[in-house]
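Take a look at the structure set out below.
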Amino acid sequence: KLKVQHFKELGIEAPLLVGLLANSDPAAVKYAEWTGRACRADGLRYELRQLDNPLDVERALLDANDDPRVHGIIVYYPIFGAVESYSGASQDDYLRDTVSYKCDVEGLCHTYRSNLYRNTRYLDYPRNQNKCVLPCTALSVAKILEKCPCSDREKGVGKHMENQVVTVINRSEIVGRPLAAMLANDGAEVYSVDLDSIYLFSKGRLERCDSSVTPESCVRKSNVVVTGVPTKNYRLPTEWIRPNTTVVNVASFKNVDEDELLKIPGVVYVPMVGKVTVAMLERNLMRLFENFHHPRVRDEALLMGEYCPPSKRQRATSVAEELWDEPGTAHTQDTKERGAGVPWYHTALQIYSAAALTAILAVVLSQK
């Protein structure tokens, strides 16, 4: 909130987050409501774009990517669920990878996922000034654990969760998988449990466990248990949980009997993470704005010849229309809007060349 206020004092408009909602899933609708409420309370701009047809999401997403007014994008999943895609494991996975890394507040596109799994923390090696964006739900769990006894912030980077054993139940792309990697990057030994397999993340290595390792054996040795099973029928057996364990529920359903759990001595229980997730979403939006969209960043990129205005990026249906229309070709209103206000130059060299040519012509004309 203080940063947004500082931007306003400098005459800089608050960052804009665009949400794309194309389903009636109660959890997604609630998440969208929380996001809008939190953004408005903190002075950020939020625009929810609701789509009746899921097939329209990709076009809306590409338009938001290319809109210079948009600084962050969130897509409220599921949209297609597990429906297969020609471009990936599922259509939802394809959409996640379609979000520009410069606008991805969820941190779920390929750039940020791959950096997380490689424990690469910066986008601009070797300068190391622009930190990567982390998946906001997984990040909310990590931030909550920082305030629990299992985390030691006095230790160096990569060692905050050292000597801790964590079990994450459900290996979803949105929460379970990135959270397991994130906690392992912080030094923990993490068991990632799913329906048909268990993996161990430890010290930069990922190994599939054999059949002797079970969900029960993982939970019984864990200091931290995170549940994220998206069904009301699942219940984590409380007899597996040992005293002084931290249990975090990230599912929209309660995955554990709270009354029985709290009978166990020393247990710390976090029943939901929604509001912290929204806070991490705002944090990611501010990071994206400062990394890529702040006027200072754009000016520096322009001087270095690195910045290409978003509406000039190559688009299969727009490049020929906008730049090389034949005389007499009618422009659509959409084309006019996308081309409005776009500078003719792409690099500082073009500006310099134009200025030099203008000076030469002025000299020649003055001699005449």
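Each chain in the structure tokens gets a letter, A, B and so on, in the order shown; residues start at 1 in every chain, and ligands are counted from 1 in the order they appear.
Look at segment 214-218 of chain A: the protein and nucleic acid residues within 8 Å of it, using only C-alpha atoms and passing over chain neighbours fewer than 6 places away, are Thr167, Tyr191, Val193, Ile198 and Trp240 of chain A.
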Just-selected residues, C-alpha atoms written as a PDB file, in the first residue's frame:
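Resulting contents of part15.pdb:
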```pdb
ATOM      1  CA  THR A 167       4.748 -34.165   3.459  1.00  0.00           C
ATOM      2  CA  TYR A 191       7.665 -36.090   0.341  1.00  0.00           C
ATOM      3  CA  VAL A 193       2.288 -37.692  -2.249  1.00  0.00           C
ATOM      4  CA  ILE A 198       5.401 -40.668  -3.895  1.00  0.00           C
ATOM      5  CA  TRP A 240      -0.695 -40.524  11.695  1.00  0.00           C
TER       6      TRP A 240
END
```
Using only C-alpha atoms, what does the table of segment 121-195 of chain A residues within 12 Å of segment 64-79 of chain A look like, with each row giving the shortest atom pair and its distance in Å to one decimal, sorted by chain and ascending number, as JSON lines?
```
{"residue": "A:Val133", "atom": "CA", "partner": "A:Gly72", "partner_atom": "CA", "distance": 11.5}
{"residue": "A:Pro135", "atom": "CA", "partner": "A:Ile74", "partner_atom": "CA", "distance": 11.3}
{"residue": "A:Cys136", "atom": "CA", "partner": "A:Ile74", "partner_atom": "CA", "distance": 10.6}
{"residue": "A:Ser172", "atom": "CA", "partner": "A:Pro78", "partner_atom": "CA", "distance": 12.0}
{"residue": "A:Glu173", "atom": "CA", "partner": "A:Tyr77", "partner_atom": "CA", "distance": 11.4}
{"residue": "A:Ile174", "atom": "CA", "partner": "A:Tyr77", "partner_atom": "CA", "distance": 9.5}
```
Go through segment 173-282 of chain A and collect every residue that DSSP, computed from the backbone, puts in alpha helix (DSSP H); the answer should be as number ranges by chain.
A: 176-185, 215-220, 258-261, 274-282
I'd like the contact shell of segment 269-284 of chain A - 10 Å cut-off, only C-alpha atoms, skipping same-chain residues fewer than 5 positions apart - returned as a PyMOL selection string.
chain A and resi 1+15+17+27+30-32+34-39+42+44+72+74+103-107+132-141+143-145+225-227+245-256+258+261-262+289-290
Selection to disk with C-alpha atoms, as a PDB file, in the first residue's frame:
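Written output follows (result_39.pdb):
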```pdb
ATOM      1  CA  LYS A   1       0.000   0.000   0.000  1.00  0.00           C
ATOM      2  CA  PRO A  15      -0.549  -1.245 -11.394  1.00  0.00           C
ATOM      3  CA  LEU A  17      -4.350  -6.593 -12.540  1.00  0.00           C
ATOM      4  CA  ALA A  27     -13.797 -21.558  -5.258  1.00  0.00           C
ATOM      5  CA  LYS A  30     -14.731 -16.588  -4.345  1.00  0.00           C
ATOM      6  CA  TYR A  31     -11.043 -16.175  -5.205  1.00  0.00           C
ATOM      7  CA  ALA A  32     -11.963 -13.542  -7.816  1.00  0.00           C
ATOM      8  CA  TRP A  34     -11.286 -11.722  -2.657  1.00  0.00           C
ATOM      9  CA  THR A  35      -8.775 -10.533  -5.237  1.00  0.00           C
ATOM     10  CA  GLY A  36     -10.869  -7.560  -6.299  1.00  0.00           C
ATOM     11  CA  ARG A  37     -11.674  -6.556  -2.722  1.00  0.00           C
ATOM     12  CA  ALA A  38      -8.030  -6.751  -1.611  1.00  0.00           C
ATOM     13  CA  CYS A  39      -6.691  -4.849  -4.634  1.00  0.00           C
ATOM     14  CA  ASP A  42      -4.704  -1.442  -1.179  1.00  0.00           C
ATOM     15  CA  LEU A  44      -4.329  -1.304  -6.827  1.00  0.00           C
ATOM     16  CA  GLY A  72      -0.595  -8.483 -14.283  1.00  0.00           C
ATOM     17  CA  ILE A  74      -4.587 -14.032 -13.385  1.00  0.00           C
ATOM     18  CA  CYS A 103       2.380 -10.332 -16.565  1.00  0.00           C
ATOM     19  CA  ASP A 104       2.158 -13.713 -14.798  1.00  0.00           C
ATOM     20  CA  VAL A 105       1.177 -12.873 -11.205  1.00  0.00           C
ATOM     21  CA  GLU A 106       0.515 -16.560 -10.505  1.00  0.00           C
ATOM     22  CA  GLY A 107       4.081 -17.548 -11.389  1.00  0.00           C
ATOM     23  CA  CYS A 132      11.571 -14.480 -10.199  1.00  0.00           C
ATOM     24  CA  VAL A 133       7.876 -14.568  -9.371  1.00  0.00           C
ATOM     25  CA  LEU A 134       6.834 -17.604  -7.308  1.00  0.00           C
ATOM     26  CA  PRO A 135       3.456 -19.419  -7.529  1.00  0.00           C
ATOM     27  CA  CYS A 136       1.282 -17.395  -5.179  1.00  0.00           C
ATOM     28  CA  THR A 137      -0.613 -20.199  -3.381  1.00  0.00           C
ATOM     29  CA  ALA A 138       2.549 -22.186  -2.737  1.00  0.00           C
ATOM     30  CA  LEU A 139       4.284 -18.962  -1.704  1.00  0.00           C
ATOM     31  CA  SER A 140       1.494 -18.224   0.785  1.00  0.00           C
ATOM     32  CA  VAL A 141       2.175 -21.577   2.494  1.00  0.00           C
ATOM     33  CA  LYS A 143       5.284 -17.457   4.142  1.00  0.00           C
ATOM     34  CA  ILE A 144       2.952 -18.946   6.749  1.00  0.00           C
ATOM     35  CA  LEU A 145       5.559 -21.570   7.650  1.00  0.00           C
ATOM     36  CA  VAL A 225       2.007 -31.757   6.685  1.00  0.00           C
ATOM     37  CA  VAL A 226       0.280 -29.814   3.894  1.00  0.00           C
ATOM     38  CA  THR A 227      -3.014 -31.107   2.498  1.00  0.00           C
ATOM     39  CA  THR A 245       3.431 -31.006  13.898  1.00  0.00           C
ATOM     40  CA  THR A 246       2.395 -28.038  11.773  1.00  0.00           C
ATOM     41  CA  VAL A 247      -0.606 -28.895   9.557  1.00  0.00           C
ATOM     42  CA  VAL A 248      -1.686 -26.574   6.738  1.00  0.00           C
ATOM     43  CA  ASN A 249      -4.863 -27.091   4.697  1.00  0.00           C
ATOM     44  CA  VAL A 250      -4.781 -25.426   1.261  1.00  0.00           C
ATOM     45  CA  ALA A 251      -7.812 -27.215  -0.223  1.00  0.00           C
ATOM     46  CA  SER A 252     -11.211 -25.550  -0.471  1.00  0.00           C
ATOM     47  CA  PHE A 253     -12.468 -28.514   1.612  1.00  0.00           C
ATOM     48  CA  LYS A 254     -11.231 -29.413   5.082  1.00  0.00           C
ATOM     49  CA  ASN A 255      -8.939 -32.404   4.588  1.00  0.00           C
ATOM     50  CA  VAL A 256      -8.659 -33.169   8.311  1.00  0.00           C
ATOM     51  CA  GLU A 258     -10.087 -30.270  13.128  1.00  0.00           C
ATOM     52  CA  LEU A 261      -6.365 -32.840  15.232  1.00  0.00           C
ATOM     53  CA  LEU A 262      -6.307 -30.210  17.969  1.00  0.00           C
ATOM     54  CA  PHE A 289       5.502  -3.825 -12.265  1.00  0.00           C
ATOM     55  CA  GLU A 290       8.913  -2.918 -10.878  1.00  0.00           C
TER      56      GLU A 290
END
```
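A straight line drawn from atom CA of Leu108 of chain A to atom CA of Leu95 of chain A is 9.9 Å long.
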List the spatial neighbours of His160 of chain A as a list in words - criterion: any atom at most 7 Å away, only C-alpha atoms, same-chain residues fewer than 6 positions off excluded.
Ser151, Asp152, Arg153, Asp186 and Gly187 of chain A
For the contact check between segment 72-178 of chain A and segment 203-212 of chain A, emit one row per residue of segment 72-178 of chain A within 9 Å, containing the shortest atom pair and the distance in Å rounded to one decimal, counting only C-alpha atoms, chain then rising number order, as JSON lines.
```
{"residue": "A:Tyr117", "atom": "CA", "partner": "A:Gly204", "partner_atom": "CA", "distance": 8.8}
{"residue": "A:Arg118", "atom": "CA", "partner": "A:Gly204", "partner_atom": "CA", "distance": 8.1}
{"residue": "A:Asn119", "atom": "CA", "partner": "A:Gly204", "partner_atom": "CA", "distance": 8.1}
```
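For the pair atom CA of Glu162 of chain A and atom CA of Leu179 of chain A, the separation is 15.5 Å.
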Which polymer residues have any atom within 8 Å of an atom of Leu61 of chain A, counting only C-alpha atoms, with same-chain residues fewer than 2 positions away left out, as a ChimeraX atom specification?
/A:20,57-59,63-65,98-99
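Distances from A:Val213, A:Val175, A:Ile264, A:Pro243 to Val229 of chain A were compared using only C-alpha atoms, and the smallest one belongs to A:Val175.
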Write out as a PyMOL selection string the set of residues from segment 131-224 of chain A that DSSP, computed on the backbone, places in strand (DSSP E).
chain A and resi 165-169+189-193+198-202+205-208+224
Quick one: of A:Lys232, A:Arg121, A:His110, A:Arg298, who's nearest to Val157 of chain A, counting only C-alpha atoms?
A:Arg121
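Straight-line separation from atom CA of Leu183 of chain A to atom CA of Lys102 of chain A: 24.6 Å.
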Which polymer residues have any atom within 12 Å of an atom of Gln129 of chain A, counting only C-alpha atoms, with same-chain residues fewer than 5 positions away left out, as a PyMOL selection string?
chain A and resi 121-124+287+290-292
